[in-house]
$ cat entry_29.cif   # mmCIF, C-alpha atoms
data_coords
loop_
_atom_site.label_atom_id
_atom_site.label_comp_id
_atom_site.auth_asym_id
_atom_site.auth_seq_id
_atom_site.Cartn_x
_atom_site.Cartn_y
_atom_site.Cartn_z
CA MET A 3 0.00 0.00 0.00
CA LYS A 4 1.48 3.29 -1.08
CA LEU A 5 -0.61 5.66 1.04
CA ASP A 6 0.90 6.92 4.27
CA GLU A 7 -1.28 6.56 7.31
CA PRO A 8 -2.81 10.07 7.56
CA GLY A 9 -3.56 9.91 3.83
CA LEU A 10 -5.04 6.50 4.23
CA VAL A 11 -7.30 7.50 7.09
CA GLN A 12 -8.43 10.60 5.22
CA ALA A 13 -9.35 8.55 2.16
CA LEU A 14 -11.25 6.10 4.35
CA GLN A 15 -13.06 8.93 6.09
CA ALA A 16 -14.05 10.27 2.69
CA GLY A 17 -15.54 6.86 1.89
CA ASP A 18 -13.18 6.14 -1.01
CA GLU A 19 -14.27 2.73 -2.27
CA GLN A 20 -10.98 1.85 -3.91
CA VAL A 21 -9.04 2.56 -0.76
CA PHE A 22 -11.55 0.66 1.37
CA ALA A 23 -11.33 -2.33 -0.95
CA ALA A 24 -7.52 -2.28 -0.80
CA VAL A 25 -7.44 -1.88 2.97
CA MET A 26 -9.97 -4.65 3.52
CA ASP A 27 -7.96 -6.88 1.23
CA TRP A 28 -4.75 -6.02 3.04
CA TYR A 29 -5.90 -6.49 6.63
CA SER A 30 -8.69 -9.08 6.55
CA GLY A 31 -6.27 -12.02 6.64
CA SER A 32 -4.61 -10.67 9.78
CA LEU A 33 -8.00 -9.96 11.34
CA LEU A 34 -9.17 -13.47 10.52
CA ARG A 35 -6.07 -14.95 12.16
CA LEU A 36 -6.72 -12.98 15.33
CA ALA A 37 -10.45 -13.77 15.27
CA LEU A 38 -9.66 -17.48 15.16
CA SER A 39 -7.94 -17.16 18.52
CA PHE A 40 -11.21 -16.01 20.12
CA VAL A 41 -14.01 -18.00 18.55
CA PRO A 42 -14.55 -21.70 17.94
CA SER A 43 -14.95 -21.90 14.17
CA ARG A 44 -13.76 -20.37 10.94
CA ALA A 45 -17.32 -19.49 9.98
CA VAL A 46 -17.82 -17.48 13.18
CA ALA A 47 -14.37 -15.91 12.77
CA GLU A 48 -15.31 -14.75 9.26
CA GLU A 49 -18.46 -13.19 10.66
CA VAL A 50 -16.41 -11.41 13.31
CA VAL A 51 -14.19 -9.98 10.57
CA GLN A 52 -17.28 -8.74 8.72
CA GLU A 53 -18.60 -7.16 11.91
CA THR A 54 -15.22 -5.53 12.49
CA TRP A 55 -15.35 -3.81 9.11
CA MET A 56 -18.90 -2.69 9.81
CA GLY A 57 -17.50 -1.13 12.96
CA VAL A 58 -14.81 0.56 10.89
CA PHE A 59 -17.36 2.02 8.44
CA GLU A 60 -19.36 3.40 11.36
CA GLY A 61 -16.41 4.60 13.38
CA ILE A 62 -13.77 5.79 10.91
CA HIS A 63 -14.91 9.43 11.10
CA ARG A 64 -14.17 9.32 14.85
CA PHE A 65 -10.70 7.79 14.41
CA GLU A 66 -8.17 10.25 15.79
CA SER A 67 -4.81 8.57 15.14
CA ARG A 68 -4.04 8.23 18.84
CA SER A 69 -3.07 4.69 18.00
CA SER A 70 -2.05 3.25 14.65
CA PHE A 71 -4.85 2.29 12.28
CA LYS A 72 -3.86 -1.37 12.60
CA THR A 73 -4.04 -1.29 16.41
CA TRP A 74 -7.42 0.39 16.19
CA LEU A 75 -8.61 -2.38 13.86
CA PHE A 76 -7.35 -5.09 16.19
CA ARG A 77 -9.09 -3.40 19.11
CA ILE A 78 -12.42 -3.32 17.32
CA LEU A 79 -12.02 -6.95 16.36
CA THR A 80 -11.09 -7.94 19.92
CA ASN A 81 -14.18 -6.26 21.34
CA ARG A 82 -16.47 -7.90 18.79
CA ALA A 83 -14.78 -11.27 19.16
CA LYS A 84 -15.00 -11.21 22.96
CA THR A 85 -18.72 -10.50 22.80
CA ARG A 86 -19.04 -13.26 20.27
CA GLY A 87 -16.87 -15.65 22.27
CA ILE A 88 -18.99 -15.10 25.36
CA ARG A 89 -22.13 -15.74 23.36
CA GLU A 90 -20.51 -18.90 21.98
CA ASN A 91 -19.41 -19.78 25.52
CA ARG A 92 -15.74 -19.92 24.65
CA TYR A 93 -14.10 -16.83 25.98
CA GLU A 94 -11.97 -17.43 29.06
CA PRO A 95 -11.07 -14.35 31.08
CA PHE A 96 -7.38 -13.56 31.34
CA GLY A 97 -5.50 -14.99 34.25
CA LEU A 98 -7.44 -18.23 34.61
CA SER A 99 -5.17 -20.15 32.34
CA ALA A 100 -2.04 -18.16 33.10
CA SER A 101 -1.02 -19.89 36.30
CA SER A 102 -1.72 -23.52 35.56
CA ASP A 103 -0.67 -24.66 32.15
CA GLU A 104 1.87 -26.87 30.51
CA GLY A 105 4.03 -24.04 29.17
CA LEU A 106 5.66 -23.74 32.55
CA SER A 107 6.17 -27.45 33.14
CA LEU A 108 7.43 -27.84 29.58
CA GLU A 109 10.20 -25.36 30.30
CA ASP A 110 10.93 -26.93 33.69
CA SER A 111 11.26 -30.34 32.08
CA LEU A 112 14.31 -29.15 30.14
CA PHE A 113 16.34 -28.80 33.33
CA ILE A 114 17.85 -30.99 36.02
CA SER A 115 15.62 -30.63 39.05
CA GLU A 116 17.84 -31.87 41.89
CA GLY A 117 21.39 -32.46 43.03
CA SER A 118 24.47 -30.37 42.46
CA ARG A 119 23.63 -29.74 38.80
CA MET A 120 20.14 -28.46 39.56
CA GLY A 121 19.05 -25.78 37.08
CA HIS A 122 21.46 -27.00 34.37
CA TRP A 123 20.28 -28.23 30.98
CA LYS A 124 19.45 -31.93 30.85
CA ASP A 125 20.22 -31.89 27.19
CA PRO A 126 22.09 -28.71 26.20
CA PRO A 127 20.50 -27.02 23.15
CA ASN A 128 22.36 -27.33 19.87
CA ALA A 129 22.80 -24.61 17.31
CA TRP A 130 20.01 -24.54 14.77
CA GLU A 131 20.88 -24.13 11.14
CA PRO A 132 21.85 -20.52 10.57
CA ASP A 133 19.37 -19.80 7.79
CA THR A 134 16.49 -21.30 9.71
CA PRO A 135 13.46 -19.05 9.25
CA GLU A 136 13.42 -18.82 5.48
CA ARG A 137 14.41 -22.41 4.92
CA ALA A 138 12.13 -23.79 7.58
CA LEU A 139 9.05 -22.16 6.16
CA LEU A 140 9.77 -23.56 2.73
CA SER A 141 8.73 -26.90 4.12
CA LYS A 142 4.98 -27.14 4.20
CA GLU A 143 5.17 -29.80 6.84
CA CYS A 144 6.98 -27.42 9.15
CA ARG A 145 4.48 -24.64 8.57
CA VAL A 146 1.64 -26.98 9.40
CA ALA A 147 3.47 -27.98 12.59
CA ILE A 148 3.83 -24.34 13.66
CA GLU A 149 0.22 -23.51 12.81
CA THR A 150 -0.96 -26.57 14.76
CA ALA A 151 1.18 -25.59 17.74
CA ILE A 152 -0.39 -22.13 17.69
CA GLU A 153 -3.92 -23.55 17.40
CA ASN A 154 -3.28 -25.75 20.41
CA LEU A 155 -2.19 -22.89 22.65
CA PRO A 156 -4.59 -21.71 25.35
CA ALA A 157 -6.65 -18.87 23.84
CA THR A 158 -4.96 -16.06 25.73
CA GLN A 159 -1.46 -17.21 24.81
CA ARG A 160 -2.53 -17.54 21.22
CA GLN A 161 -3.94 -14.01 21.19
CA VAL A 162 -0.78 -12.49 22.61
CA MET A 163 1.48 -14.49 20.27
CA THR A 164 -0.65 -13.62 17.23
CA LEU A 165 -0.50 -9.92 17.99
CA ARG A 166 3.11 -9.75 19.06
CA ASP A 167 5.11 -12.30 17.08
CA ILE A 168 3.01 -12.68 13.96
CA GLU A 169 1.59 -9.17 13.57
CA GLY A 170 4.41 -7.25 15.24
CA VAL A 171 2.22 -5.14 17.54
CA SER A 172 4.13 -3.56 20.45
CA SER A 173 3.66 -4.99 23.94
CA GLU A 174 2.22 -1.70 25.16
CA GLU A 175 -0.42 -1.76 22.44
CA ILE A 176 -1.22 -5.39 23.14
CA CYS A 177 -1.89 -4.63 26.81
CA ASN A 178 -4.18 -1.89 25.61
CA ILE A 179 -6.00 -4.06 23.06
CA LEU A 180 -6.46 -7.08 25.32
CA GLY A 181 -6.77 -5.23 28.62
CA ILE A 182 -3.97 -7.13 30.39
CA SER A 183 -0.92 -6.09 32.39
CA GLU A 184 2.58 -6.00 30.87
CA THR A 185 3.72 -8.76 33.21
CA ASN A 186 0.82 -11.02 32.31
CA GLN A 187 1.45 -10.32 28.64
CA ARG A 188 5.10 -11.37 28.92
CA VAL A 189 4.27 -14.54 30.85
CA LEU A 190 1.69 -15.59 28.26
CA LEU A 191 4.03 -14.75 25.39
CA HIS A 192 6.95 -16.60 26.94
CA ARG A 193 4.96 -19.80 27.46
CA ALA A 194 3.61 -19.65 23.94
CA ARG A 195 7.11 -19.17 22.51
CA THR A 196 8.48 -22.05 24.58
CA LYS A 197 5.87 -24.38 23.12
CA VAL A 198 6.24 -23.24 19.53
CA ARG A 199 10.03 -23.51 19.78
CA ARG A 200 9.67 -27.15 20.79
CA GLU A 201 7.46 -27.88 17.76
CA LEU A 202 9.81 -26.07 15.42
CA SER A 203 12.99 -27.74 16.63
CA PRO A 204 12.76 -31.08 14.78
CA TYR A 205 12.70 -29.16 11.49
CA VAL A 206 15.72 -26.98 12.11
CA GLU A 207 18.18 -29.03 14.17
CA GLY A 208 21.58 -28.94 12.45
CA ASP A 209 22.57 -31.98 10.39
CA ASN A 210 25.49 -32.67 12.71
CA THR A 211 23.26 -33.59 15.65
CA MET B 29 43.06 -7.51 37.10
CA ASP B 30 44.76 -10.79 36.13
CA THR B 31 42.84 -13.02 33.75
CA ASN B 32 42.44 -15.84 36.20
CA LEU B 33 40.85 -13.67 38.82
CA LYS B 34 38.67 -11.96 36.24
CA GLN B 35 37.37 -15.31 35.04
CA LYS B 36 36.71 -16.44 38.59
CA LEU B 37 34.79 -13.26 39.26
CA MET B 38 32.79 -13.64 36.06
CA ARG B 39 31.95 -17.22 36.91
CA TYR B 40 30.88 -16.14 40.36
CA MET B 41 28.62 -13.42 38.98
CA ALA B 42 27.25 -15.66 36.26
CA GLY B 43 26.44 -18.18 38.95
CA ASN B 44 23.74 -15.80 40.04
CA PHE B 45 21.55 -17.09 37.25
CA SER B 46 21.14 -20.77 36.51
CA CYS B 47 20.53 -21.93 32.96
CA GLN B 48 16.92 -22.52 33.96
CA GLU B 49 16.57 -18.93 35.11
CA ILE B 50 18.13 -17.71 31.86
CA ALA B 51 15.53 -19.68 29.91
CA GLN B 52 12.76 -18.20 32.05
CA LEU B 53 14.02 -14.67 31.54
CA ILE B 54 14.52 -14.74 27.77
CA THR B 55 11.30 -12.95 26.87
CA ASP B 56 11.94 -10.29 29.53
CA TYR B 57 15.48 -9.90 28.18
CA LEU B 58 14.34 -9.57 24.56
CA ASP B 59 11.66 -7.13 25.68
CA GLY B 60 14.22 -4.96 27.42
CA SER B 61 12.37 -5.29 30.70
CA LEU B 62 15.25 -6.59 32.84
CA ASN B 63 16.86 -4.03 35.13
CA LEU B 64 20.50 -3.12 34.60
CA GLY B 65 21.89 -5.60 37.14
CA GLU B 66 19.82 -8.47 35.77
CA ARG B 67 20.78 -7.62 32.23
CA VAL B 68 24.49 -7.62 33.08
CA ARG B 69 24.19 -10.96 34.88
CA PHE B 70 22.15 -12.35 31.99
CA GLN B 71 24.80 -11.30 29.49
CA ILE B 72 27.69 -12.60 31.58
CA HIS B 73 25.96 -15.98 31.82
CA LEU B 74 25.44 -15.98 28.06
CA GLY B 75 29.08 -15.14 27.51
CA LEU B 76 30.10 -18.21 29.47
CA CYS B 77 27.41 -20.70 28.46
CA PHE B 78 27.15 -21.96 24.88
CA ALA B 79 23.98 -23.94 25.63
CA CYS B 80 22.11 -20.82 26.74
CA ARG B 81 23.50 -18.89 23.77
CA ASN B 82 22.10 -21.59 21.50
CA TYR B 83 18.78 -21.50 23.30
CA LEU B 84 18.53 -17.72 22.96
CA ARG B 85 19.27 -18.04 19.22
CA GLN B 86 16.63 -20.75 18.91
CA MET B 87 14.07 -18.49 20.56
CA LYS B 88 15.02 -15.62 18.24
CA HIS B 89 14.67 -17.96 15.26
CA THR B 90 11.29 -19.07 16.50
CA ILE B 91 10.14 -15.46 16.69
CA ALA B 92 11.56 -14.64 13.26
CA THR B 93 9.79 -17.66 11.80
CA LEU B 94 6.47 -16.69 13.36
CA ARG B 95 6.86 -13.23 11.86
CA GLN B 96 6.92 -14.81 8.42
CA LEU B 97 3.65 -16.68 8.68
CA PRO B 98 1.33 -15.39 5.98
CA PRO B 99 -2.12 -13.96 6.85
CA GLU B 100 -5.04 -16.38 6.88
CA PRO B 101 -6.50 -16.76 3.40
CA VAL B 102 -9.79 -14.86 3.16
CA PRO B 103 -12.37 -16.63 0.96
CA GLN B 104 -13.48 -14.74 -2.13
CA HIS B 105 -17.14 -14.73 -1.05
CA VAL B 106 -16.18 -12.96 2.19
CA LYS B 107 -14.29 -10.29 0.25
CA GLU B 108 -17.23 -9.76 -2.07
CA GLU B 109 -19.64 -9.57 0.83
CA LEU B 110 -17.43 -6.97 2.49
CA LEU B 111 -17.50 -4.77 -0.60
CA GLU B 112 -21.24 -5.23 -0.83
CA ARG B 113 -21.65 -4.16 2.79
CA PHE B 114 -19.40 -1.19 2.21
CA ARG B 115 -21.51 -0.01 -0.74
CA ASN B 116 -24.66 -0.53 1.23
CA TRP B 117 -23.32 1.45 4.12
CA LYS B 118 -22.13 4.26 1.88
CA GLN B 119 -25.47 4.51 0.12
CA HIS B 120 -27.20 5.10 3.40
CA GLN B 121 -24.85 7.84 4.53
CA PRO B 122 -26.09 11.43 4.44
CA GLN B 123 -24.12 13.30 1.75
CA SER B 124 -22.76 15.71 4.32
CA SER B 125 -20.78 13.07 6.17
CA VAL B 126 -19.36 11.13 3.23
CA ARG B 127 -18.03 12.93 0.18
CA SER B 128 -19.01 11.35 -3.09
CA GLU B 129 -16.04 10.18 -5.14
CA ASN B 130 -17.16 12.27 -8.11
CA GLU B 131 -16.89 15.52 -6.27
#

$ encode --input "entry_29.cif" --output "structure tokens"
Amino acid sequence: MKLDEPGLVQALQAGDEQVFAAVMDWYSGSLLRLALSFVPSRAVAEEVVQETWMGVFEGIHRFESRSSFKTWLFRILTNRAKTRGIRENRYEPFGLSASSDEGLSLEDSLFISEGSRMGHWKDPPNAWEPDTPERALLSKECRVAIETAIENLPATQRQVMTLRDIEGVSSEEICNILGISETNQRVLLHRARTKVRRELSPYVEGDNT
Amino acid sequence: MDTNLKQKLMRYMAGNFSCQEIAQLITDYLDGSLNLGERVRFQIHLGLCFACRNYLRQMKHTIATLRQLPPEPVPQHVKEELLERFRNWKQHQPQSSVRSENE
């Protein structure tokens, strides 16, 4: 997209169809990904994306650029999705799953838990292949493994990881969008990363291991 | 300071964090949310421990890989419906609030 953000917002506020079409095309995939972390099915997630854009049509003239346009979009989606998730009986409030889940024990299991070498690696990590990200994603199998790992995360971890690691939203903005504390956000993110790292590792271990 | 003593001191300071603690603190470290003392101890440990260095690199790779995941594919019918809804919405706007494109 060539437009800078103020230009973009102005065009949207003027109801420019071409710009709206381009923006909807550009962001709907990201919105759908985030929606899937709140609601139980793709069909419902698609509806949430539709509702989000309806919210944008209605609200764009009030948008004041206090946050980025993308953050604003994600916030609208989150509000709609939460309402939807509650209606669909899925939404779990933050904090419930934060203290008791396998992300923590997964990390603990990597370390010696008693004796003089307590806190040392059971099996010291090897170097991954240096060109990992690009190469790894070339393999469809590996991408499916990552996507599955993300789908299996508790909802709140999945939401934080989607916003932060996939969409690149800042932690401050995430706290704002999801209504959680910075500490909680980091804990959720860390557990999610620990799990996804484990799923990624078989695909990127160096050949010499 | 002689090298031997310096190494001893570094090992002593690095001993403040176990490998397990380093693993637990990685996201805080990458986020820049460790305080100065913790950051120094974190980095000293990394300097002395290849396994933790590898683990940190693995975590960074994981994050970089996540960043490359493409957006979810949006079905054509959803895109068309969105445009339809947009046109509908625009039609029902009073002319004062939305400028027509022909203006």

$ resolve_selection --input "entry_29.cif" --expression "the PyMOL selection byres ((chain B) within 6 of (chain A))" --output "tab-separated table (two decimals) with C-alpha atoms, in the coordinates of the input"
chain	number	residue	atom	x	y	z
B	46	SER	CA	21.14	-20.77	36.51
B	47	CYS	CA	20.53	-21.93	32.96
B	48	GLN	CA	16.92	-22.52	33.96
B	55	THR	CA	11.30	-12.95	26.87
B	79	ALA	CA	23.98	-23.94	25.63
B	82	ASN	CA	22.10	-21.59	21.50
B	83	TYR	CA	18.78	-21.50	23.30
B	90	THR	CA	11.29	-19.07	16.50
B	91	ILE	CA	10.14	-15.46	16.69
B	93	THR	CA	9.79	-17.66	11.80
B	94	LEU	CA	6.47	-16.69	13.36
B	95	ARG	CA	6.86	-13.23	11.86
B	99	PRO	CA	-2.12	-13.96	6.85
B	100	GLU	CA	-5.04	-16.38	6.88
B	101	PRO	CA	-6.50	-16.76	3.40
B	102	VAL	CA	-9.79	-14.86	3.16
B	126	VAL	CA	-19.36	11.13	3.23
B	127	ARG	CA	-18.03	12.93	0.18

$ resolve_selection --input "entry_29.cif" --expression "the PyMOL selection byres ((chain A and resi 78) around 12)" --output "PyMOL selection string"
chain A and resi 33+36-37+50-62+65+71-77+79-85+178-180

$ atom_distance --input "entry_29.cif" --atom1 "CA of Leu64 (chain B)" --atom2 "CA of Ile176 (chain A)"
24.7 Å

$ atom_distance --input "entry_29.cif" --atom1 "CA of Gln121 (chain B)" --atom2 "CA of Glu109 (chain B)"
18.5 Å

$ atom_distance --input "entry_29.cif" --atom1 "CA of Pro204 (chain A)" --atom2 "CA of Arg85 (chain B)"
15.2 Å

$ resolve_selection --input "entry_29.cif" --expression "the PyMOL selection byres ((chain B and resi 66-71) around 10)" --output "VMD selection string"
chain B and resid 38 41 to 47 49 to 50 53 to 54 56 to 57 60 to 65 72 to 77 80 to 81

$ write_last_selection --input "entry_29.cif" --atoms "C-alpha atoms" --output "compact mmCIF listing (two decimals), in the coordinates of the input"
# COMPACT_ATOMS: atom_id res chain seq x y z
CA MET B 38 32.79 -13.64 36.06
CA MET B 41 28.62 -13.42 38.98
CA ALA B 42 27.25 -15.66 36.26
CA GLY B 43 26.44 -18.18 38.95
CA ASN B 44 23.74 -15.80 40.04
CA PHE B 45 21.55 -17.09 37.25
CA SER B 46 21.14 -20.77 36.51
CA CYS B 47 20.53 -21.93 32.96
CA GLU B 49 16.57 -18.93 35.11
CA ILE B 50 18.13 -17.71 31.86
CA LEU B 53 14.02 -14.67 31.54
CA ILE B 54 14.52 -14.74 27.77
CA ASP B 56 11.94 -10.29 29.53
CA TYR B 57 15.48 -9.90 28.18
CA GLY B 60 14.22 -4.96 27.42
CA SER B 61 12.37 -5.29 30.70
CA LEU B 62 15.25 -6.59 32.84
CA ASN B 63 16.86 -4.03 35.13
CA LEU B 64 20.50 -3.12 34.60
CA GLY B 65 21.89 -5.60 37.14
CA ILE B 72 27.69 -12.60 31.58
CA HIS B 73 25.96 -15.98 31.82
CA LEU B 74 25.44 -15.98 28.06
CA GLY B 75 29.08 -15.14 27.51
CA LEU B 76 30.10 -18.21 29.47
CA CYS B 77 27.41 -20.70 28.46
CA CYS B 80 22.11 -20.82 26.74
CA ARG B 81 23.50 -18.89 23.77

$ closest_residue --input "entry_29.cif" --among "A:Pro156, A:Gly9, A:Gly87, A:Gly117" --to "Val41 (chain A)" --atoms "all atoms listed in the file"
A:Gly87

$ residues_around --input "entry_29.cif" --residues "Gln159 (chain A)" --least-positions-apart "3" --cutoff "6 Å" --atoms "all atoms listed in the file" --output "list of chain:residue names"
A:Pro156, A:Val162, A:Leu190, A:Ala194

$ build_atoms --input "entry_29.cif" --residues "region 44-68 of chain A" --atoms "N, CA and C atoms" --output "mmCIF file, in the coordinates of the input"
data_model
loop_
_atom_site.group_PDB
_atom_site.id
_atom_site.type_symbol
_atom_site.label_atom_id
_atom_site.label_comp_id
_atom_site.auth_asym_id
_atom_site.auth_seq_id
_atom_site.Cartn_x
_atom_site.Cartn_y
_atom_site.Cartn_z
ATOM 1 N N ARG A 44 -14.133 -21.289 12.012
ATOM 2 C CA ARG A 44 -13.760 -20.370 10.940
ATOM 3 C C ARG A 44 -14.965 -19.553 10.478
ATOM 4 N N ALA A 45 -16.127 -20.201 10.432
ATOM 5 C CA ALA A 45 -17.320 -19.490 9.980
ATOM 6 C C ALA A 45 -17.626 -18.311 10.909
ATOM 7 N N VAL A 46 -17.553 -18.558 12.216
ATOM 8 C CA VAL A 46 -17.820 -17.480 13.180
ATOM 9 C C VAL A 46 -16.721 -16.413 13.067
ATOM 10 N N ALA A 47 -15.476 -16.859 12.895
ATOM 11 C CA ALA A 47 -14.370 -15.910 12.770
ATOM 12 C C ALA A 47 -14.576 -14.995 11.555
ATOM 13 N N GLU A 48 -15.052 -15.565 10.455
ATOM 14 C CA GLU A 48 -15.310 -14.750 9.260
ATOM 15 C C GLU A 48 -16.396 -13.720 9.535
ATOM 16 N N GLU A 49 -17.411 -14.143 10.298
ATOM 17 C CA GLU A 49 -18.460 -13.190 10.660
ATOM 18 C C GLU A 49 -17.909 -12.063 11.525
ATOM 19 N N VAL A 50 -17.013 -12.435 12.444
ATOM 20 C CA VAL A 50 -16.410 -11.410 13.310
ATOM 21 C C VAL A 50 -15.622 -10.399 12.468
ATOM 22 N N VAL A 51 -14.931 -10.889 11.456
ATOM 23 C CA VAL A 51 -14.190 -9.980 10.570
ATOM 24 C C VAL A 51 -15.159 -9.042 9.851
ATOM 25 N N GLN A 52 -16.263 -9.582 9.379
ATOM 26 C CA GLN A 52 -17.280 -8.740 8.720
ATOM 27 C C GLN A 52 -17.792 -7.664 9.688
ATOM 28 N N GLU A 53 -18.093 -8.112 10.917
ATOM 29 C CA GLU A 53 -18.600 -7.160 11.910
ATOM 30 C C GLU A 53 -17.562 -6.088 12.225
ATOM 31 N N THR A 54 -16.292 -6.498 12.228
ATOM 32 C CA THR A 54 -15.220 -5.530 12.490
ATOM 33 C C THR A 54 -15.228 -4.428 11.438
ATOM 34 N N TRP A 55 -15.343 -4.830 10.178
ATOM 35 C CA TRP A 55 -15.350 -3.810 9.110
ATOM 36 C C TRP A 55 -16.581 -2.927 9.200
ATOM 37 N N MET A 56 -17.709 -3.528 9.602
ATOM 38 C CA MET A 56 -18.900 -2.690 9.810
ATOM 39 C C MET A 56 -18.599 -1.627 10.866
ATOM 40 N N GLY A 57 -17.899 -2.064 11.918
ATOM 41 C CA GLY A 57 -17.500 -1.130 12.960
ATOM 42 C C GLY A 57 -16.571 -0.050 12.428
ATOM 43 N N VAL A 58 -15.726 -0.420 11.485
ATOM 44 C CA VAL A 58 -14.810 0.560 10.890
ATOM 45 C C VAL A 58 -15.596 1.577 10.064
ATOM 46 N N PHE A 59 -16.538 1.087 9.248
ATOM 47 C CA PHE A 59 -17.360 2.020 8.440
ATOM 48 C C PHE A 59 -18.010 3.052 9.372
ATOM 49 N N GLU A 60 -18.619 2.519 10.442
ATOM 50 C CA GLU A 60 -19.360 3.400 11.360
ATOM 51 C C GLU A 60 -18.449 4.347 12.126
ATOM 52 N N GLY A 61 -17.228 3.854 12.436
ATOM 53 C CA GLY A 61 -16.410 4.600 13.380
ATOM 54 C C GLY A 61 -15.246 5.389 12.783
ATOM 55 N N ILE A 62 -14.985 5.211 11.491
ATOM 56 C CA ILE A 62 -13.770 5.790 10.910
ATOM 57 C C ILE A 62 -13.733 7.328 11.034
ATOM 58 N N HIS A 63 -14.916 7.956 11.006
ATOM 59 C CA HIS A 63 -14.910 9.430 11.100
ATOM 60 C C HIS A 63 -14.528 9.886 12.512
ATOM 61 N N ARG A 64 -14.585 8.950 13.485
ATOM 62 C CA ARG A 64 -14.170 9.320 14.850
ATOM 63 C C ARG A 64 -12.717 8.937 15.134
ATOM 64 N N PHE A 65 -12.074 8.251 14.183
ATOM 65 C CA PHE A 65 -10.700 7.790 14.410
ATOM 66 C C PHE A 65 -9.756 8.991 14.472
ATOM 67 N N GLU A 66 -8.982 9.056 15.575
ATOM 68 C CA GLU A 66 -8.170 10.250 15.790
ATOM 69 C C GLU A 66 -6.661 10.018 15.748
ATOM 70 N N SER A 67 -6.252 8.875 15.271
ATOM 71 C CA SER A 67 -4.810 8.570 15.140
ATOM 72 C C SER A 67 -4.070 8.596 16.469
ATOM 73 N N ARG A 68 -4.777 8.343 17.578
ATOM 74 C CA ARG A 68 -4.040 8.230 18.840
ATOM 75 C C ARG A 68 -3.292 6.906 18.889
#
